[in-house]
$ cat coords_8.txt   # compact mmCIF, C-alpha atoms and all ligand atoms
# COMPACT_ATOMS: atom_id res chain seq x y z
CA MET S 212 8.72 132.29 10.70
CA ILE S 213 6.45 135.00 12.06
CA ALA S 214 3.98 134.36 14.88
CA VAL S 215 0.55 135.94 14.45
CA LEU S 216 -1.32 136.10 17.77
CA GLY S 217 -5.05 136.15 17.00
CA GLY S 218 -4.03 134.77 13.61
CA HIS S 219 -7.20 132.77 12.95
CA GLY S 220 -9.49 135.83 13.01
CA LYS S 221 -10.23 138.04 10.02
CA THR S 222 -7.36 140.42 10.77
CA GLY S 223 -4.89 137.62 11.38
CA ARG S 224 -5.93 135.81 8.20
CA ALA S 225 -5.23 138.98 6.18
CA VAL S 226 -1.77 139.26 7.76
CA CYS S 227 -0.93 135.57 7.20
CA SER S 228 -2.11 135.73 3.61
CA ALA S 229 0.01 138.82 2.83
CA LEU S 230 3.03 137.12 4.41
CA ALA S 231 2.40 134.03 2.27
CA ASP S 232 2.33 136.29 -0.82
CA ARG S 233 5.90 137.26 0.10
CA GLY S 234 6.90 133.65 0.63
CA VAL S 235 7.14 134.14 4.41
CA ASP S 236 5.83 131.44 6.77
CA ALA S 237 3.35 132.56 9.42
CA ARG S 238 2.31 130.72 12.57
CA PRO S 239 -1.25 131.73 13.47
CA LEU S 240 -1.95 131.32 17.19
CA GLY S 241 -5.24 131.33 19.09
CA ARG S 242 -6.76 130.54 22.47
CA ALA S 243 -5.57 126.92 22.47
CA ASP S 244 -1.95 128.11 22.16
CA TRP S 245 -2.18 130.73 24.91
CA PRO S 246 -1.39 128.54 27.97
CA ASP S 247 2.04 127.69 26.51
CA LEU S 248 2.61 130.77 24.40
CA ALA S 249 6.36 131.06 24.96
CA SER S 250 6.91 127.57 23.48
CA GLU S 251 4.58 128.32 20.58
CA VAL S 252 6.46 131.48 19.58
CA ALA S 253 9.95 130.04 20.15
CA GLY S 254 12.04 130.20 16.99
CA CYS S 255 9.96 133.01 15.44
CA GLU S 256 11.89 136.10 14.39
CA ALA S 257 8.96 138.45 14.98
CA ALA S 258 5.35 138.45 16.17
CA TYR S 259 2.23 140.33 15.09
CA VAL S 260 -0.01 140.83 18.13
CA ILE S 261 -3.78 141.16 17.66
CA ALA S 262 -6.01 141.27 20.73
CA PRO S 263 -9.47 139.73 20.43
CA ASN S 264 -12.32 142.16 19.84
CA LEU S 265 -13.46 143.94 23.02
CA HIS S 266 -11.05 142.00 25.24
CA PRO S 267 -12.01 143.03 28.79
CA ASP S 268 -8.37 143.80 29.70
CA GLU S 269 -6.29 144.36 26.57
CA PRO S 270 -3.25 145.70 28.47
CA ALA S 271 -3.12 142.43 30.45
CA TYR S 272 -3.41 140.42 27.21
CA VAL S 273 -0.62 142.46 25.61
CA ALA S 274 1.56 142.29 28.74
CA SER S 275 1.27 138.47 28.74
CA ALA S 276 2.09 138.34 25.04
CA LEU S 277 5.15 140.58 25.50
CA ALA S 278 6.37 138.49 28.43
CA ALA S 279 6.06 135.30 26.38
CA LEU S 280 7.89 136.87 23.41
CA GLY S 281 10.65 138.14 25.66
CA SER S 282 11.18 134.81 27.41
CA ALA S 283 11.16 132.95 24.08
CA GLY S 284 13.80 135.29 22.63
CA VAL S 285 11.55 136.75 19.91
CA GLU S 286 13.20 140.08 19.14
CA ARG S 287 10.55 142.14 17.35
CA VAL S 288 6.86 142.80 17.89
CA VAL S 289 4.29 144.56 15.71
CA TYR S 290 1.23 145.59 17.69
CA HIS S 291 -2.21 145.93 16.06
CA SER S 292 -3.65 149.02 17.73
CA VAL S 293 -6.34 151.35 16.39
CA ALA S 294 -6.57 154.85 14.92
CA SER S 295 -6.92 157.47 17.67
CA PRO S 296 -6.13 155.12 20.57
CA TYR S 297 -6.11 157.92 23.15
CA ALA S 298 -9.84 158.59 22.97
CA PRO S 299 -10.93 158.41 26.63
CA ALA S 300 -14.63 158.30 25.64
CA MET S 301 -14.02 154.87 24.07
CA PRO S 302 -12.75 152.37 26.67
CA HIS S 303 -11.50 149.82 24.15
CA HIS S 304 -9.46 152.51 22.39
CA LEU S 305 -8.01 153.59 25.71
CA GLY S 306 -6.97 149.96 26.38
CA LYS S 307 -4.95 150.13 23.19
CA ALA S 308 -3.34 153.45 24.18
CA VAL S 309 -2.17 151.82 27.43
CA SER S 310 -1.00 148.75 25.50
CA GLU S 311 0.98 150.90 23.05
CA ASP S 312 2.93 152.24 26.02
CA LEU S 313 3.65 148.67 27.19
CA VAL S 314 4.90 147.78 23.72
CA ARG S 315 7.18 150.84 23.53
CA ARG S 316 8.67 150.02 26.95
CA SER S 317 8.92 146.25 26.35
CA GLY S 318 12.61 146.17 25.46
CA LEU S 319 11.73 144.42 22.18
CA GLY S 320 12.07 146.02 18.77
CA TRP S 321 8.60 147.37 18.02
CA THR S 322 6.32 148.85 15.38
CA ILE S 323 2.72 149.93 15.97
CA LEU S 324 -0.03 149.94 13.34
CA GLN S 325 -3.12 152.08 13.97
CA PRO S 326 -5.82 150.85 11.59
CA GLY S 327 -8.96 152.78 10.74
CA ALA S 328 -12.37 151.07 10.75
CA TYR S 329 -12.38 148.10 8.37
CA LEU S 330 -14.29 148.52 5.12
CA GLN S 331 -15.36 144.89 5.67
CA ASN S 332 -17.32 145.91 8.81
CA LEU S 333 -20.01 147.25 6.49
CA ASP S 334 -22.23 144.76 4.68
CA LEU S 335 -23.02 146.70 1.52
CA THR S 336 -24.88 143.84 -0.18
CA GLY S 337 -28.23 145.09 1.10
CA PRO S 338 -29.92 147.88 3.09
CA LEU S 339 -27.62 149.14 5.82
CA ASP S 340 -28.81 149.87 9.37
CA LEU S 341 -26.38 152.16 11.17
CA PRO S 342 -26.48 153.14 14.88
CA TYR S 343 -24.59 156.40 14.20
CA SER S 344 -24.64 159.17 11.65
CA PRO S 345 -24.02 158.05 8.06
CA ASP S 346 -22.63 161.51 7.30
CA VAL S 347 -19.48 161.63 9.44
CA ARG S 348 -16.05 160.94 7.93
CA PHE S 349 -13.99 157.82 8.47
CA GLY S 350 -10.62 156.65 7.30
CA PHE S 351 -11.71 153.17 6.20
CA LEU S 352 -9.15 150.39 5.85
CA ASP S 353 -9.41 147.43 3.49
CA LEU S 354 -8.22 144.30 5.31
CA ALA S 355 -6.11 143.33 2.29
CA ASP S 356 -4.25 146.65 2.68
CA LEU S 357 -3.81 145.99 6.40
CA GLY S 358 -2.23 142.64 5.49
CA ARG S 359 0.10 144.31 2.97
CA ALA S 360 1.20 146.99 5.45
CA ALA S 361 1.76 144.40 8.17
CA ALA S 362 3.87 142.29 5.81
CA VAL S 363 5.96 145.36 4.93
CA VAL S 364 6.80 146.22 8.53
CA LEU S 365 7.34 142.57 9.47
CA THR S 366 9.74 141.78 6.64
CA GLU S 367 11.46 145.03 5.57
CA PRO S 368 13.99 147.12 7.49
CA GLY S 369 13.45 150.69 8.65
CA HIS S 370 10.18 150.38 10.58
CA GLY S 371 11.51 149.86 14.11
CA GLY S 372 10.13 152.47 16.51
CA ALA S 373 7.46 153.60 14.01
CA THR S 374 3.74 154.18 14.62
CA TYR S 375 1.64 154.29 11.45
CA GLU S 376 -2.01 155.29 10.99
CA LEU S 377 -3.57 153.26 8.19
CA ALA S 378 -6.55 153.98 5.96
CA THR S 379 -7.35 152.97 2.39
CA ARG S 380 -9.86 155.75 1.74
CA VAL S 381 -11.67 158.58 3.48
CA ALA S 382 -15.45 158.51 3.10
CA THR S 383 -18.77 158.68 4.89
CA VAL S 384 -20.91 155.57 5.17
CA ARG S 385 -23.53 157.29 3.04
CA GLU S 386 -21.00 157.76 0.24
CA LEU S 387 -20.08 154.06 0.36
CA ALA S 388 -23.75 153.02 0.46
CA ASP S 389 -24.56 155.30 -2.50
CA GLU S 390 -21.70 153.81 -4.50
CA ALA S 391 -22.97 150.31 -3.73
CA GLY S 392 -26.52 151.35 -4.58
CA VAL S 393 -27.94 150.35 -1.19
CA PRO S 394 -30.02 152.48 1.20
CA VAL S 395 -28.64 153.43 4.61
CA ARG S 396 -30.91 153.94 7.60
CA ARG S 397 -30.06 155.46 10.97
CA VAL S 398 -31.26 153.10 13.75
CA ALA S 399 -31.15 153.13 17.56
CA ASP S 400 -28.09 151.68 19.30
CA PRO S 401 -28.92 147.97 19.85
CA GLY S 402 -27.13 148.14 23.22
CA THR S 403 -25.19 144.88 22.77
CA HIS S 404 -22.09 146.06 24.67
CA PRO S 405 -21.47 149.27 26.65
CA TRP S 406 -18.11 149.82 24.90
CA LEU S 407 -19.80 149.55 21.50
CA SER S 408 -22.44 152.05 22.66
CA ALA S 409 -19.62 154.41 23.66
CA MET S 410 -18.01 153.89 20.26
CA PHE S 411 -21.25 154.57 18.37
CA ALA S 412 -21.74 157.78 20.38
CA TYR S 413 -18.20 158.90 19.57
CA TYR S 414 -18.60 157.98 15.89
CA ASP S 415 -21.87 159.90 15.81
CA ASP S 416 -20.14 163.09 16.94
CA HIS S 417 -16.69 162.73 15.38
CA GLY S 418 -16.47 159.81 12.93
CA LEU S 419 -12.95 158.37 12.90
CA PRO S 420 -10.91 160.27 10.31
CA VAL S 421 -7.56 158.80 9.28
CA GLY S 422 -5.27 159.99 6.49
CA THR S 423 -4.36 157.71 3.59
CA ARG S 424 -0.86 158.87 2.66
CA VAL S 425 1.09 156.61 5.02
CA LEU S 426 -0.49 153.49 3.56
CA ASP S 427 0.01 154.85 0.03
CA ALA S 428 3.71 155.25 0.73
CA MET S 429 4.03 151.85 2.39
CA VAL S 430 2.43 149.87 -0.42
CA GLN S 431 3.81 152.26 -3.08
CA ARG S 432 0.46 153.43 -4.34
CA ARG S 433 -0.10 156.96 -5.62
N1 LIG E 1 -13.04 145.94 13.19
C1 LIG E 1 -12.36 147.05 12.98
O1 LIG E 1 -12.78 147.94 12.22
C2 LIG E 1 -11.05 147.27 13.69
C3 LIG E 1 -10.32 148.42 13.42
C4 LIG E 1 -9.10 148.61 14.07
C5 LIG E 1 -8.65 147.66 14.97
N2 LIG E 1 -9.40 146.55 15.22
C6 LIG E 1 -8.89 145.59 16.19
O2 LIG E 1 -8.68 144.33 15.56
C7 LIG E 1 -8.78 143.31 16.57
C8 LIG E 1 -9.82 142.30 16.22
O3 LIG E 1 -9.39 141.55 15.17
P1 LIG E 1 -10.39 140.51 14.47
O4 LIG E 1 -11.66 141.20 14.13
O5 LIG E 1 -9.63 139.82 13.43
O6 LIG E 1 -10.72 139.54 15.67
P2 LIG E 1 -11.46 138.19 15.61
O7 LIG E 1 -11.88 137.86 14.18
O8 LIG E 1 -12.50 138.28 16.65
O9 LIG E 1 -10.30 137.16 16.01
C9 LIG E 1 -9.56 137.29 17.16
C10 LIG E 1 -8.75 136.01 17.38
O10 LIG E 1 -8.28 136.07 18.73
C11 LIG E 1 -8.32 134.78 19.30
N3 LIG E 1 -8.84 134.92 20.67
C12 LIG E 1 -10.11 135.15 21.07
N4 LIG E 1 -10.18 135.24 22.41
C13 LIG E 1 -8.93 135.06 22.88
C14 LIG E 1 -8.34 135.04 24.16
N5 LIG E 1 -9.09 135.23 25.25
N6 LIG E 1 -7.02 134.85 24.28
C15 LIG E 1 -6.26 134.65 23.18
N7 LIG E 1 -6.74 134.65 21.91
C16 LIG E 1 -8.06 134.85 21.77
C17 LIG E 1 -9.22 133.94 18.46
O11 LIG E 1 -8.47 132.82 18.07
P3 LIG E 1 -9.01 131.32 18.19
O12 LIG E 1 -10.44 131.33 17.72
O13 LIG E 1 -8.09 130.59 17.28
O14 LIG E 1 -8.89 130.93 19.62
C18 LIG E 1 -9.57 134.76 17.24
O15 LIG E 1 -9.20 134.12 16.04
C19 LIG E 1 -9.23 143.99 17.85
O16 LIG E 1 -8.11 144.24 18.66
C20 LIG E 1 -9.85 145.27 17.31
O17 LIG E 1 -9.89 146.29 18.28
C21 LIG E 1 -10.56 146.32 14.58
$ encode --input "coords_8.txt" --output "structure tokens" --more "lines below"
Ligand SMILES: NC(=O)c1ccc[n+]([C@@H]2O[C@H](COP(=O)([O-])OP(=O)(O)OC[C@H]3O[C@@H](n4cnc5c(N)ncnc54)[C@H](OP(=O)(O)O)[C@@H]3O)[C@@H](O)[C@H]2O)c1
Amino acid sequence: MIAVLGGHGKTGRAVCSALADRGVDARPLGRADWPDLASEVAGCEAAYVIAPNLHPDEPAYVASALAALGSAGVERVVYHSVASPYAPAMPHHLGKAVSEDLVRRSGLGWTILQPGAYLQNLDLTGPLDLPYSPDVRFGFLDLADLGRAAAVVLTEPGHGGATYELATRVATVRELADEAGVPVRRVADPGTHPWLSAMFAYYDDHGLPVGTRVLDAMVQRR
């Protein structure tokens, strides 16, 4: 049995589904399970830890999760980080860089996955409005590939102490939009959250490039 913290969200569902494909039982956990997390994870051999989007204090969330895993005797943790966590211009990335350090010093067996931006973030079924340049490069990750990679590190030996960057393909948003036959339009930042504004500004200047070879090797694709 593998506990998946944040397991009811889109990331967690991809992880649980890939585990089910391998015949492995997953226990998705959410907010309702948090007050008694140690009991909920008891008996699990490993846990996949996903923090909610834009959690105001991800290191505190991860520290609580690690404490619960430790007290319940769960021996291994896989932490869902992000590509380029140490990017001080993006506060939510920086929270993951700090959390990675907590995971590495937790005393548990650990593996860290650093996913690129999800392909599923982009709705390519119609015209696309983008608050950053459509011409910068990203390492985009398909959520199904994230699930497969998570299932590999959760169920196969040899991944303890590893940190893997994950991307399915490298592309610009304009290339993806052109392939889908939809127009892409640069729009102003809607200003919904200061951390998202910081992310859009960073994307605008640098994109978020991630190589694809680690994922290829993990899921044996060439
Ligand atoms: N989007 C991307 O391109 C991308 C790329 C790399 C990394 N990430 C990372 O992926 C994670 C987000 O995953 P997601 O999009 O799957 O998230 P999500 O769909 O928003 O789901 C997060 C889950 O966390 C649980 N949750 C929410 N608030 C909580 C709280 N205060 N305490 C405990 N659990 C709580 C919820 O479970 P319940 O509803 O069951 O309570 C929810 O199912 C973030 O850490 C993000 O930084 C995203």
$ closest_atom_pairs --input "coords_8.txt" --of "region 213-302 of chain S" --to "region 353-357 of chain S" --cutoff "8 Å" --atoms "all atoms listed in the file" --output "CSV"
residue,atom,partner,partner_atom,distance
S:Thr222,CA,S:Leu354,CA,6.8
S:Ala225,CA,S:Ala355,CA,5.9
S:Val226,CA,S:Leu357,CA,7.2
S:Ala229,CA,S:Ala355,CA,7.6
$ closest_residue --input "coords_8.txt" --among "S:Ala276, S:Ala361, S:Ala237, S:Val347" --to "ligand LIG 1 (chain E)" --atoms "all atoms listed in the file"
S:Ala276
$ closest_residue --input "coords_8.txt" --among "S:Ser228, S:Ser317, S:Asn332, S:Ser282" --to "ligand LIG 1 (chain E)" --atoms "only C-alpha atoms and all ligand atoms"
S:Asn332
$ closest_residue --input "coords_8.txt" --among "S:Ser292, S:Ser275, S:Thr322, S:Ser344" --to "ligand LIG 1 (chain E)" --atoms "all atoms listed in the file"
S:Ser292
$ residues_near_ligand --input "coords_8.txt" --ligand "ligand LIG 1 (chain E)" --cutoff "6 Å" --atoms "only C-alpha atoms and all ligand atoms" --output "VMD selection string"
chain S and resid 217 to 223 241 to 243 245 261 to 264 292 to 293 326 to 329
$ residues_around --input "coords_8.txt" --residues "region 310-313 of chain S" --least-positions-apart "6" --cutoff "8 Å" --atoms "only C-alpha atoms" --output "PyMOL selection string"
chain S and resi 269-270+273-274+290+292+323
$ closest_residue --input "coords_8.txt" --among "S:Cys227, S:Val252, S:Met429, S:Leu333" --to "Thr383 (chain S)" --atoms "all atoms listed in the file"
S:Leu333
$ closest_residue --input "coords_8.txt" --among "S:Asp346, S:Pro267, S:Val289, S:Tyr259" --to "Pro405 (chain S)" --atoms "all atoms listed in the file"
S:Pro267
$ closest_residue --input "coords_8.txt" --among "S:Leu377, S:Tyr414, S:Ala214, S:Ala388" --to "Thr336 (chain S)" --atoms "all atoms listed in the file"
S:Ala388
$ residues_around --input "coords_8.txt" --residues "Leu324 (chain S)" --least-positions-apart "3" --cutoff "6 Å" --atoms "only C-alpha atoms" --output "compact mmCIF listing (two decimals) with C-alpha atoms, in the coordinates of the input"
# COMPACT_ATOMS: atom_id res chain seq x y z
CA HIS S 291 -2.21 145.93 16.06
CA SER S 292 -3.65 149.02 17.73
CA THR S 374 3.74 154.18 14.62
CA TYR S 375 1.64 154.29 11.45
$ atom_distance --input "coords_8.txt" --atom1 "CA of His266 (chain S)" --atom2 "CA of Leu248 (chain S)"
17.7 Å
$ atom_distance --input "coords_8.txt" --atom1 "CA of Arg380 (chain S)" --atom2 "CA of Leu419 (chain S)"
11.9 Å
$ residues_near_point --input "coords_8.txt" --point "(-22.1, 153.5, 17.2)" --cutoff "9 Å" --atoms "all atoms listed in the file" --output "list in words"
Leu341, Pro342, Tyr343, Ser344, Asp400, Leu407, Ser408, Ala409, Met410, Phe411, Ala412, Tyr413, Tyr414 and Asp415 of chain S
$ write_last_selection --input "coords_8.txt" --atoms "C-alpha atoms" --output "PDB file, in the coordinates of the input"
ATOM      1  CA  LEU S 341     -26.380 152.160  11.170  1.00  0.00           C
ATOM      2  CA  PRO S 342     -26.480 153.140  14.880  1.00  0.00           C
ATOM      3  CA  TYR S 343     -24.590 156.400  14.200  1.00  0.00           C
ATOM      4  CA  SER S 344     -24.640 159.170  11.650  1.00  0.00           C
ATOM      5  CA  ASP S 400     -28.090 151.680  19.300  1.00  0.00           C
ATOM      6  CA  LEU S 407     -19.800 149.550  21.500  1.00  0.00           C
ATOM      7  CA  SER S 408     -22.440 152.050  22.660  1.00  0.00           C
ATOM      8  CA  ALA S 409     -19.620 154.410  23.660  1.00  0.00           C
ATOM      9  CA  MET S 410     -18.010 153.890  20.260  1.00  0.00           C
ATOM     10  CA  PHE S 411     -21.250 154.570  18.370  1.00  0.00           C
ATOM     11  CA  ALA S 412     -21.740 157.780  20.380  1.00  0.00           C
ATOM     12  CA  TYR S 413     -18.200 158.900  19.570  1.00  0.00           C
ATOM     13  CA  TYR S 414     -18.600 157.980  15.890  1.00  0.00           C
ATOM     14  CA  ASP S 415     -21.870 159.900  15.810  1.00  0.00           C
TER      15      ASP S 415
END
$ residues_near_point --input "coords_8.txt" --point "(7.1, 137.0, 25.5)" --cutoff "12 Å" --atoms "all atoms listed in the file" --output "ChimeraX atom specification"
/S:214,216,245,247-255,257-260,272-288,314,317-319
$ write_last_selection --input "coords_8.txt" --atoms "C-alpha atoms" --output "compact mmCIF listing (two decimals), keeping the file's coordinate frame"
# COMPACT_ATOMS: atom_id res chain seq x y z
CA ALA S 214 3.98 134.36 14.88
CA LEU S 216 -1.32 136.10 17.77
CA TRP S 245 -2.18 130.73 24.91
CA ASP S 247 2.04 127.69 26.51
CA LEU S 248 2.61 130.77 24.40
CA ALA S 249 6.36 131.06 24.96
CA SER S 250 6.91 127.57 23.48
CA GLU S 251 4.58 128.32 20.58
CA VAL S 252 6.46 131.48 19.58
CA ALA S 253 9.95 130.04 20.15
CA GLY S 254 12.04 130.20 16.99
CA CYS S 255 9.96 133.01 15.44
CA ALA S 257 8.96 138.45 14.98
CA ALA S 258 5.35 138.45 16.17
CA TYR S 259 2.23 140.33 15.09
CA VAL S 260 -0.01 140.83 18.13
CA TYR S 272 -3.41 140.42 27.21
CA VAL S 273 -0.62 142.46 25.61
CA ALA S 274 1.56 142.29 28.74
CA SER S 275 1.27 138.47 28.74
CA ALA S 276 2.09 138.34 25.04
CA LEU S 277 5.15 140.58 25.50
CA ALA S 278 6.37 138.49 28.43
CA ALA S 279 6.06 135.30 26.38
CA LEU S 280 7.89 136.87 23.41
CA GLY S 281 10.65 138.14 25.66
CA SER S 282 11.18 134.81 27.41
CA ALA S 283 11.16 132.95 24.08
CA GLY S 284 13.80 135.29 22.63
CA VAL S 285 11.55 136.75 19.91
CA GLU S 286 13.20 140.08 19.14
CA ARG S 287 10.55 142.14 17.35
CA VAL S 288 6.86 142.80 17.89
CA VAL S 314 4.90 147.78 23.72
CA SER S 317 8.92 146.25 26.35
CA GLY S 318 12.61 146.17 25.46
CA LEU S 319 11.73 144.42 22.18
